[in-house]
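Undergrad: Next comes the structure file coords_24.cif, holding mmCIF, C-alpha atoms.
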```cif
data_entry
#
loop_
_atom_site.label_atom_id
_atom_site.label_comp_id
_atom_site.auth_asym_id
_atom_site.auth_seq_id
_atom_site.Cartn_x
_atom_site.Cartn_y
_atom_site.Cartn_z
CA MET A 1086 -4.35 -34.42 11.91
CA ARG A 1087 -7.30 -32.94 10.11
CA VAL A 1088 -10.57 -34.39 8.85
CA THR A 1089 -10.76 -33.81 5.10
CA ILE A 1090 -12.40 -36.86 3.50
CA ILE A 1091 -15.70 -38.62 4.12
CA SER A 1092 -15.82 -41.74 2.01
CA ILE A 1093 -19.02 -43.07 0.41
CA PRO A 1094 -18.82 -46.39 -1.49
CA VAL A 1095 -20.64 -46.33 -4.83
CA ARG A 1096 -21.45 -48.94 -7.49
CA ASP A 1097 -20.96 -46.56 -10.39
CA GLN A 1098 -18.82 -43.45 -9.98
CA GLU A 1099 -20.23 -41.55 -12.97
CA LYS A 1100 -23.82 -42.23 -11.95
CA ALA A 1101 -22.98 -41.19 -8.38
CA LEU A 1102 -21.35 -37.99 -9.64
CA GLN A 1103 -24.52 -37.07 -11.55
CA PHE A 1104 -26.78 -37.87 -8.58
CA TYR A 1105 -24.68 -36.09 -5.96
CA THR A 1106 -24.14 -32.97 -8.08
CA LYS A 1107 -27.38 -32.63 -10.10
CA LYS A 1108 -29.83 -33.77 -7.44
CA LEU A 1109 -28.16 -33.22 -4.07
CA GLY A 1110 -26.35 -30.07 -5.21
CA PHE A 1111 -22.72 -30.81 -4.27
CA LEU A 1112 -19.88 -29.48 -6.43
CA LYS A 1113 -17.17 -31.61 -8.00
CA LYS A 1114 -13.77 -30.72 -6.55
CA VAL A 1115 -11.16 -33.33 -7.54
CA ASP A 1116 -11.41 -35.75 -10.46
CA MET A 1117 -8.27 -37.76 -11.13
CA PRO A 1118 -7.89 -40.98 -13.14
CA LEU A 1119 -6.62 -43.95 -11.11
CA GLY A 1120 -6.41 -46.54 -13.88
CA GLY A 1121 -8.89 -49.24 -14.86
CA GLY A 1122 -11.63 -46.63 -15.28
CA ASN A 1123 -11.47 -45.72 -11.58
CA ARG A 1124 -11.25 -42.14 -10.37
CA TRP A 1125 -10.27 -40.24 -7.24
CA LEU A 1126 -13.51 -38.28 -7.24
CA THR A 1127 -14.40 -35.79 -4.53
CA LEU A 1128 -17.22 -33.33 -3.90
CA VAL A 1129 -17.73 -30.35 -1.62
CA SER A 1130 -20.73 -28.43 -0.27
CA LYS A 1131 -21.55 -25.28 -2.27
CA ASP A 1132 -21.24 -23.10 0.81
CA ALA A 1133 -18.13 -24.81 2.25
CA GLN A 1134 -15.91 -25.31 -0.76
CA SER A 1135 -12.74 -25.51 1.27
CA GLY A 1136 -14.41 -27.77 3.84
CA PRO A 1137 -14.43 -31.58 4.04
CA GLU A 1138 -14.73 -33.53 0.79
CA ILE A 1139 -16.95 -36.49 0.01
CA LEU A 1140 -14.99 -39.24 -1.71
CA LEU A 1141 -17.13 -41.31 -4.08
CA GLU A 1142 -15.13 -44.49 -4.06
CA PRO A 1143 -15.67 -47.62 -6.16
CA ALA A 1144 -14.80 -50.03 -3.32
CA PRO A 1145 -17.83 -52.35 -3.76
CA LEU A 1146 -16.70 -53.10 -7.33
CA HIS A 1147 -13.25 -54.27 -6.30
CA PHE A 1148 -13.50 -55.64 -2.79
CA GLU A 1149 -16.24 -58.15 -2.13
CA PRO A 1150 -16.55 -57.54 1.64
CA ALA A 1151 -17.23 -53.86 0.93
CA LYS A 1152 -20.11 -54.91 -1.30
CA VAL A 1153 -21.46 -57.36 1.28
CA PHE A 1154 -21.35 -54.73 4.03
CA GLN A 1155 -22.98 -52.10 1.82
CA ASP A 1156 -25.78 -54.51 0.83
CA ALA A 1157 -26.40 -55.43 4.46
CA LEU A 1158 -26.73 -51.78 5.47
CA MET A 1159 -29.07 -51.14 2.56
CA ASP A 1160 -31.28 -54.10 3.50
CA ALA A 1161 -31.45 -52.96 7.13
CA GLY A 1162 -32.40 -49.44 6.01
CA MET A 1163 -29.33 -48.03 7.73
CA PRO A 1164 -27.80 -44.82 6.45
CA TRP A 1165 -24.17 -44.93 5.34
CA THR A 1166 -23.77 -41.34 6.51
CA GLN A 1167 -25.75 -38.16 7.01
CA PHE A 1168 -25.85 -34.55 5.88
CA ASP A 1169 -27.23 -31.53 7.74
CA VAL A 1170 -29.87 -29.31 6.17
CA ASP A 1171 -31.44 -26.06 7.42
CA ASP A 1172 -35.00 -26.90 6.39
CA LEU A 1173 -35.79 -30.60 6.08
CA ASP A 1174 -39.33 -30.22 4.67
CA GLN A 1175 -38.12 -27.91 1.95
CA GLU A 1176 -35.26 -30.24 1.01
CA TYR A 1177 -37.56 -33.26 1.12
CA ASP A 1178 -40.07 -31.61 -1.27
CA ARG A 1179 -37.27 -30.52 -3.60
CA LEU A 1180 -35.74 -34.01 -3.76
CA VAL A 1181 -39.07 -35.83 -4.15
CA LYS A 1182 -39.82 -33.58 -7.15
CA LEU A 1183 -36.48 -34.67 -8.62
CA GLY A 1184 -37.54 -38.31 -8.27
CA VAL A 1185 -35.41 -39.17 -5.20
CA GLU A 1186 -36.89 -42.07 -3.22
CA PHE A 1187 -37.22 -41.80 0.53
CA SER A 1188 -37.49 -44.87 2.76
CA ILE A 1189 -38.29 -42.62 5.76
CA PRO A 1190 -40.07 -39.29 5.22
CA PRO A 1191 -39.31 -36.40 7.61
CA ARG A 1192 -39.83 -37.43 11.23
CA GLU A 1193 -39.09 -36.00 14.61
CA MET A 1194 -36.60 -37.61 16.97
CA GLY A 1195 -35.88 -35.63 20.11
CA THR A 1196 -33.90 -32.54 19.25
CA VAL A 1197 -33.69 -33.28 15.52
CA ARG A 1198 -35.84 -34.12 12.51
CA TYR A 1199 -34.54 -36.67 10.03
CA ALA A 1200 -35.36 -38.42 6.76
CA VAL A 1201 -33.64 -41.20 4.80
CA PHE A 1202 -33.31 -41.52 1.01
CA ASN A 1203 -31.74 -43.91 -1.49
CA ASP A 1204 -28.71 -42.48 -3.33
CA THR A 1205 -29.24 -44.96 -6.26
CA CYS A 1206 -25.61 -46.09 -5.89
CA GLY A 1207 -26.04 -48.59 -3.07
CA ASN A 1208 -26.58 -46.41 0.01
CA ASN A 1209 -29.19 -44.98 2.29
CA ILE A 1210 -28.35 -41.40 3.22
CA GLN A 1211 -29.87 -39.55 6.16
CA LEU A 1212 -30.75 -35.86 6.23
CA VAL A 1213 -30.89 -34.09 9.59
CA GLU A 1214 -32.32 -30.77 10.70
CA HIS A 1215 -31.47 -29.57 14.21
CA LEU A 1216 -34.58 -28.16 15.84
CA MET B 1323 -40.48 -51.45 8.80
CA THR B 1324 -36.72 -51.68 8.37
CA PHE B 1325 -34.34 -52.76 11.13
CA TYR B 1326 -33.10 -49.18 11.34
CA GLU B 1327 -36.57 -47.68 11.77
CA LYS B 1328 -37.37 -50.21 14.45
CA LYS B 1329 -34.18 -49.30 16.35
CA LEU B 1330 -34.92 -45.59 16.07
CA ARG B 1331 -38.42 -46.09 17.45
CA GLU B 1332 -37.00 -47.98 20.40
CA LEU B 1333 -34.49 -45.19 21.06
CA ARG B 1334 -37.14 -42.55 20.75
CA GLY B 1335 -39.21 -44.30 23.39
CA THR B 1336 -36.30 -44.53 25.83
CA ILE B 1337 -34.03 -41.51 25.47
CA TYR B 1338 -36.51 -39.01 24.02
CA ALA B 1339 -39.56 -39.83 26.14
CA ASN B 1340 -39.73 -36.51 27.99
CA GLN B 1341 -41.12 -34.02 25.48
CA ALA B 1342 -41.26 -31.13 27.97
CA GLN B 1343 -37.51 -31.41 28.59
CA ILE B 1344 -36.84 -31.62 24.86
CA ASP B 1345 -38.91 -28.51 24.18
CA THR B 1346 -37.04 -26.57 26.88
CA ILE B 1347 -33.67 -27.60 25.58
CA ILE B 1348 -34.49 -26.83 21.95
CA ARG B 1349 -35.69 -23.37 22.99
CA ALA B 1350 -32.52 -22.83 25.03
CA ARG B 1351 -30.33 -23.71 22.07
CA ASN B 1352 -32.30 -21.50 19.70
CA TYR B 1353 -32.01 -18.67 22.22
CA LEU B 1354 -28.22 -19.00 22.07
CA ARG B 1355 -28.33 -19.10 18.27
CA GLU B 1356 -30.31 -15.86 18.15
CA HIS B 1357 -28.68 -13.94 20.99
CA TYR B 1358 -25.02 -14.91 20.44
CA GLY B 1359 -24.08 -11.25 19.93
CA GLU B 1360 -25.10 -10.28 23.46
CA PRO B 1361 -23.25 -10.90 26.69
CA LEU B 1362 -24.78 -14.19 27.87
CA ASN B 1363 -24.41 -16.30 30.95
CA LEU B 1364 -25.97 -19.42 32.38
CA ASP B 1365 -28.01 -17.55 35.03
CA GLN B 1366 -29.68 -15.48 32.37
CA LEU B 1367 -30.28 -18.47 30.09
CA ALA B 1368 -31.87 -20.36 32.98
CA GLN B 1369 -34.01 -17.37 33.94
CA VAL B 1370 -35.36 -16.97 30.41
CA HIS B 1371 -36.33 -20.63 30.30
CA LEU B 1372 -37.67 -20.84 33.84
CA VAL B 1373 -35.44 -23.65 35.04
CA SER B 1374 -32.61 -23.78 37.55
CA LYS B 1375 -29.20 -23.25 36.01
CA TYR B 1376 -27.77 -26.60 37.03
CA HIS B 1377 -30.83 -28.39 35.68
CA LEU B 1378 -30.46 -26.49 32.41
CA LEU B 1379 -26.76 -27.28 32.20
CA ARG B 1380 -27.41 -30.96 32.80
CA LEU B 1381 -30.27 -31.15 30.30
CA PHE B 1382 -28.38 -29.21 27.63
CA LYS B 1383 -25.39 -31.53 27.90
CA ARG B 1384 -27.61 -34.58 27.92
CA TYR B 1385 -29.65 -33.69 24.82
CA HIS B 1386 -27.10 -31.73 22.77
CA GLY B 1387 -23.93 -33.49 23.90
CA VAL B 1388 -22.10 -30.22 24.62
CA THR B 1389 -22.45 -27.57 27.32
CA PRO B 1390 -24.27 -24.30 26.52
CA ARG B 1391 -20.90 -22.54 26.72
CA GLN B 1392 -19.26 -24.86 24.18
CA PHE B 1393 -22.26 -24.52 21.89
CA LEU B 1394 -22.24 -20.73 22.16
CA ILE B 1395 -18.51 -20.54 21.39
CA ASP B 1396 -19.01 -22.60 18.24
CA VAL B 1397 -21.89 -20.39 17.09
CA ARG B 1398 -19.80 -17.28 17.74
CA ILE B 1399 -16.80 -18.64 15.83
CA GLU B 1400 -19.00 -19.53 12.84
CA LYS B 1401 -20.60 -16.06 12.91
CA ALA B 1402 -17.15 -14.50 13.26
CA LYS B 1403 -16.07 -16.26 10.05
CA GLU B 1404 -19.09 -14.78 8.24
CA ASN B 1405 -18.29 -11.30 9.54
CA LEU B 1406 -14.63 -11.59 8.54
CA LEU B 1407 -15.61 -12.79 5.07
CA ALA B 1408 -17.93 -9.79 4.75
CA GLY B 1409 -14.87 -7.59 5.29
CA LYS B 1410 -15.39 -6.47 8.90
CA THR B 1411 -12.30 -5.69 10.95
CA VAL B 1412 -11.17 -8.17 13.60
CA THR B 1413 -12.18 -5.79 16.40
CA ASP B 1414 -15.64 -5.12 14.97
CA THR B 1415 -16.12 -8.85 14.41
CA CYS B 1416 -15.13 -9.59 17.99
CA PHE B 1417 -17.82 -7.30 19.44
CA ALA B 1418 -20.43 -8.20 16.81
CA VAL B 1419 -20.39 -11.86 17.86
CA GLY B 1420 -20.50 -11.19 21.58
CA PHE B 1421 -16.85 -11.46 22.68
CA GLU B 1422 -15.55 -8.75 24.96
CA SER B 1423 -11.83 -8.64 24.30
CA PRO B 1424 -10.19 -8.72 20.84
CA GLY B 1425 -7.11 -10.37 22.35
CA SER B 1426 -8.94 -13.33 23.85
CA PHE B 1427 -11.18 -13.51 20.75
CA SER B 1428 -8.11 -13.86 18.52
CA SER B 1429 -6.52 -16.57 20.60
CA LEU B 1430 -9.80 -18.50 20.89
CA PHE B 1431 -10.36 -18.19 17.13
CA LYS B 1432 -6.87 -19.50 16.52
CA ARG B 1433 -7.39 -22.41 18.90
CA LYS B 1434 -10.65 -23.36 17.15
CA THR B 1435 -9.67 -22.83 13.50
CA GLY B 1436 -5.89 -23.04 13.44
CA LYS B 1437 -5.56 -19.43 12.20
CA THR B 1438 -5.85 -15.98 13.70
CA PRO B 1439 -8.89 -13.96 12.52
CA GLY B 1440 -6.56 -11.73 10.49
CA GLN B 1441 -4.88 -14.69 8.76
CA TYR B 1442 -8.25 -16.32 8.12
CA GLN B 1443 -9.66 -13.16 6.57
CA LYS B 1444 -6.63 -12.59 4.38
CA GLU B 1445 -6.60 -16.17 3.11
CA GLN B 1446 -10.31 -16.36 2.41
CA LEU B 1447 -10.50 -13.01 0.71
CA SER B 1448 -7.50 -13.69 -1.51
CA ARG B 1449 -9.08 -17.02 -2.44
CA SER B 1450 -12.27 -15.35 -3.63
CA ASN B 1451 -10.37 -12.60 -5.51
CA PRO B 1452 -7.61 -14.55 -7.20
CA SER B 1453 -4.76 -12.31 -8.23
CA LEU B 1454 -2.79 -15.13 -9.89
CA ASP B 1455 -3.22 -15.62 -13.61
CA LEU B 1456 -3.14 -19.39 -13.89
#
```
So that I can check it, write out the structure of this file as structure tokens.

TA:
Amino acid sequence: MRVTIISIPVRDQEKALQFYTKKLGFLKKVDMPLGGGNRWLTLVSKDAQSGPEILLEPAPLHFEPAKVFQDALMDAGMPWTQFDVDDLDQEYDRLVKLGVEFSIPPREMGTVRYAVFNDTCGNNIQLVEHL
Amino acid sequence: MTFYEKKLRELRGTIYANQAQIDTIIRARNYLREHYGEPLNLDQLAQVHLVSKYHLLRLFKRYHGVTPRQFLIDVRIEKAKENLLAGKTVTDTCFAVGFESPGSFSSLFKRKTGKTPGQYQKEQLSRSNPSLDL
């Protein structure tokens, strides 16, 4: 078995695609129609294009418990998942300039620094820099 | 403050209370990141950071979740991939990232990535220079 997909539930796949590619800087890899306006839509990191893919899935639109769970995480400020960055301050400044909203600005926590932002599609996402 | 922030603060106060230990362990990891190309062992790592080797081993595992050796192997494999992508031979790559025998380097690389260094290099390079007209 291999790890290839990391799923992120989103309220609007097109909006998520724009946010994750234009602001976060991921690249679109697979975009396949699944009927009813839904897509199998995956992204990869620029510098690991054959690495794991993020799946932007429309689960909250079609399965109520997915929506309830996602809302609860959002309310509690909990990240759905996290991405590693080399320089958190630099990435934070870049994203703030692009209008991305952070609920937690860069902070130290033991051997890492972290920050949490809103992906505008229903999730908090955490960024981590290993010190 | 959100529920998440509150929980993180609690954790920080319990598992990350000893800043001196954290500083030591961050320095030890960065030392491995910078010196991966040299022959390294635990005695030397402990000496550089002025702690006993068993203390260092225990702290490293506690704060990073892996042993220094596991961490170093992962760094070396990642650096080996970069060297192979840059076109270096398997033997040159092996020595450049601090391994001492091309044979054991190749089998370790295969165990960690599923491919031998030669296969990995061939695949990656043909992917970036597509010869198929599709």

Undergrad: Just say which residues the PyMOL selection byres ((chain A) within 7 of (chain B)) picks in this file, as a list of chain:residue names.

TA: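 The output of the PyMOL selection byres ((chain A) within 7 of (chain B)) on this file is A:Ala1161, A:Gly1162, A:Met1163, A:Met1194, A:Gly1195, A:Thr1196, A:Leu1216.
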
Undergrad: Fewer than 6 positions away in the same chain doesn't count, so skip those; otherwise give me all residues within 10 Å of Thr1106 of chain A, counting all atoms listed in the file, as number ranges by chain.

TA: A: 1112-1113, 1128-1131

Undergrad: Measure the distance from atom CA of Pro1143 of chain A to atom CA of Ile1093 of chain A in Å and round it to one decimal.

TA: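 So the two atoms, atom CA of Pro1143 of chain A and atom CA of Ile1093 of chain A, lie 8.7 Å apart.
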
Undergrad: From (-15.0, -42.0, -7.4), in the file's coordinates, out to 10 Å: which residues are reached, counting all atoms listed in the file? Answer as a ChimeraX atom specification.

TA: /A:1092-1102,1115-1119,1122-1128,1139-1144

Undergrad: What is the atom CA of Val1412 of chain B to atom CA of Pro1424 of chain B distance in Å?

TA: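 Atom-to-atom, atom CA of Val1412 of chain B to atom CA of Pro1424 of chain B, that is 7.3 Å.
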
Undergrad: When the PyMOL selection byres ((chain A and resi 1208-1212) around 9) is applied to the structure above, which residues does it catch, written out as an mmCIF file with C-alpha atoms, keeping the file's coordinate frame?

TA:
```cif
data_model
loop_
_atom_site.group_PDB
_atom_site.id
_atom_site.type_symbol
_atom_site.label_atom_id
_atom_site.label_comp_id
_atom_site.auth_asym_id
_atom_site.auth_seq_id
_atom_site.Cartn_x
_atom_site.Cartn_y
_atom_site.Cartn_z
ATOM 1 C CA ILE A 1093 -19.020 -43.070 0.410
ATOM 2 C CA PRO A 1094 -18.820 -46.390 -1.490
ATOM 3 C CA VAL A 1095 -20.640 -46.330 -4.830
ATOM 4 C CA GLN A 1155 -22.980 -52.100 1.820
ATOM 5 C CA ASP A 1156 -25.780 -54.510 0.830
ATOM 6 C CA LEU A 1158 -26.730 -51.780 5.470
ATOM 7 C CA MET A 1159 -29.070 -51.140 2.560
ATOM 8 C CA GLY A 1162 -32.400 -49.440 6.010
ATOM 9 C CA MET A 1163 -29.330 -48.030 7.730
ATOM 10 C CA PRO A 1164 -27.800 -44.820 6.450
ATOM 11 C CA TRP A 1165 -24.170 -44.930 5.340
ATOM 12 C CA THR A 1166 -23.770 -41.340 6.510
ATOM 13 C CA GLN A 1167 -25.750 -38.160 7.010
ATOM 14 C CA PHE A 1168 -25.850 -34.550 5.880
ATOM 15 C CA ASP A 1169 -27.230 -31.530 7.740
ATOM 16 C CA VAL A 1170 -29.870 -29.310 6.170
ATOM 17 C CA LEU A 1173 -35.790 -30.600 6.080
ATOM 18 C CA GLU A 1176 -35.260 -30.240 1.010
ATOM 19 C CA TYR A 1177 -37.560 -33.260 1.120
ATOM 20 C CA PHE A 1187 -37.220 -41.800 0.530
ATOM 21 C CA SER A 1188 -37.490 -44.870 2.760
ATOM 22 C CA ILE A 1189 -38.290 -42.620 5.760
ATOM 23 C CA PRO A 1191 -39.310 -36.400 7.610
ATOM 24 C CA ARG A 1198 -35.840 -34.120 12.510
ATOM 25 C CA TYR A 1199 -34.540 -36.670 10.030
ATOM 26 C CA ALA A 1200 -35.360 -38.420 6.760
ATOM 27 C CA VAL A 1201 -33.640 -41.200 4.800
ATOM 28 C CA PHE A 1202 -33.310 -41.520 1.010
ATOM 29 C CA ASN A 1203 -31.740 -43.910 -1.490
ATOM 30 C CA ASP A 1204 -28.710 -42.480 -3.330
ATOM 31 C CA THR A 1205 -29.240 -44.960 -6.260
ATOM 32 C CA CYS A 1206 -25.610 -46.090 -5.890
ATOM 33 C CA GLY A 1207 -26.040 -48.590 -3.070
ATOM 34 C CA VAL A 1213 -30.890 -34.090 9.590
ATOM 35 C CA GLU A 1214 -32.320 -30.770 10.700
#
```

Undergrad: Take atom CA of Glu1404 of chain B and atom CA of His1357 of chain B and report the distance between them in Å, one decimal.

TA: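 A separation of 16.0 Å between them.
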
Undergrad: Starting from the PyMOL selection byres ((chain B and resi 1418) around 9), expand the selection into actual residues of this file and give them as a JSON list (two decimals) with C-alpha atoms, keeping the file's coordinate frame.

TA:
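Result went into part.json, see below:
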```
[["chain", "number", "residue", "atom", "x", "y", "z"],
["B", 1358, "TYR", "CA", -25.02, -14.91, 20.44],
["B", 1359, "GLY", "CA", -24.08, -11.25, 19.93],
["B", 1360, "GLU", "CA", -25.10, -10.28, 23.46],
["B", 1401, "LYS", "CA", -20.60, -16.06, 12.91],
["B", 1402, "ALA", "CA", -17.15, -14.50, 13.26],
["B", 1405, "ASN", "CA", -18.29, -11.30, 9.54],
["B", 1413, "THR", "CA", -12.18, -5.79, 16.40],
["B", 1414, "ASP", "CA", -15.64, -5.12, 14.97],
["B", 1415, "THR", "CA", -16.12, -8.85, 14.41],
["B", 1416, "CYS", "CA", -15.13, -9.59, 17.99],
["B", 1417, "PHE", "CA", -17.82, -7.30, 19.44],
["B", 1419, "VAL", "CA", -20.39, -11.86, 17.86],
["B", 1420, "GLY", "CA", -20.50, -11.19, 21.58],
["B", 1421, "PHE", "CA", -16.85, -11.46, 22.68]]
```

Undergrad: Which residue is closest to Tyr1442 of chain B? Choose from B:Lys1403, B:Arg1384, B:His1371, B:Arg1391 and count only C-alpha atoms.

TA: B:Lys1403

Undergrad: What does segment 1170-1184 of chain A look like written to a file with N, CA and C atoms, as a JSON list (two decimals), in the first residue's frame?

TA:
```json
[["chain", "number", "residue", "atom", "x", "y", "z"],
["A", 1170, "VAL", "N", 6.41, 24.15, 5.75],
["A", 1170, "VAL", "CA", 7.08, 25.21, 4.99],
["A", 1170, "VAL", "C", 8.50, 25.36, 5.53],
["A", 1171, "ASP", "N", 9.40, 25.92, 4.68],
["A", 1171, "ASP", "CA", 10.79, 26.11, 5.12],
["A", 1171, "ASP", "C", 10.92, 27.34, 6.00],
["A", 1172, "ASP", "N", 10.19, 28.41, 5.65],
["A", 1172, "ASP", "CA", 10.30, 29.66, 6.38],
["A", 1172, "ASP", "C", 8.89, 30.19, 6.68],
["A", 1173, "LEU", "N", 8.45, 29.99, 7.90],
["A", 1173, "LEU", "CA", 7.07, 30.32, 8.25],
["A", 1173, "LEU", "C", 6.79, 31.82, 8.16],
["A", 1174, "ASP", "N", 7.73, 32.65, 8.65],
["A", 1174, "ASP", "CA", 7.49, 34.10, 8.64],
["A", 1174, "ASP", "C", 7.33, 34.62, 7.21],
["A", 1175, "GLN", "N", 8.18, 34.10, 6.34],
["A", 1175, "GLN", "CA", 8.12, 34.53, 4.94],
["A", 1175, "GLN", "C", 6.78, 34.12, 4.31],
["A", 1176, "GLU", "N", 6.36, 32.90, 4.58],
["A", 1176, "GLU", "CA", 5.10, 32.39, 4.02],
["A", 1176, "GLU", "C", 3.91, 33.15, 4.61],
["A", 1177, "TYR", "N", 3.99, 33.44, 5.90],
["A", 1177, "TYR", "CA", 2.94, 34.19, 6.58],
["A", 1177, "TYR", "C", 2.79, 35.58, 5.93],
["A", 1178, "ASP", "N", 3.90, 36.30, 5.76],
["A", 1178, "ASP", "CA", 3.86, 37.63, 5.15],
["A", 1178, "ASP", "C", 3.29, 37.56, 3.74],
["A", 1179, "ARG", "N", 3.73, 36.56, 2.98],
["A", 1179, "ARG", "CA", 3.27, 36.42, 1.60],
["A", 1179, "ARG", "C", 1.75, 36.21, 1.55],
["A", 1180, "LEU", "N", 1.25, 35.33, 2.43],
["A", 1180, "LEU", "CA", -0.18, 35.00, 2.42],
["A", 1180, "LEU", "C", -1.03, 36.16, 2.94],
["A", 1181, "VAL", "N", -0.54, 36.85, 3.98],
["A", 1181, "VAL", "CA", -1.29, 38.00, 4.51],
["A", 1181, "VAL", "C", -1.44, 39.06, 3.42],
["A", 1182, "LYS", "N", -0.39, 39.27, 2.64],
["A", 1182, "LYS", "CA", -0.46, 40.25, 1.54],
["A", 1182, "LYS", "C", -1.49, 39.84, 0.50],
["A", 1183, "LEU", "N", -1.71, 38.52, 0.38],
["A", 1183, "LEU", "CA", -2.70, 38.03, -0.59],
["A", 1183, "LEU", "C", -4.10, 38.01, 0.01],
["A", 1184, "GLY", "N", -4.23, 38.50, 1.24],
["A", 1184, "GLY", "CA", -5.55, 38.60, 1.87],
["A", 1184, "GLY", "C", -5.98, 37.34, 2.63]]
```
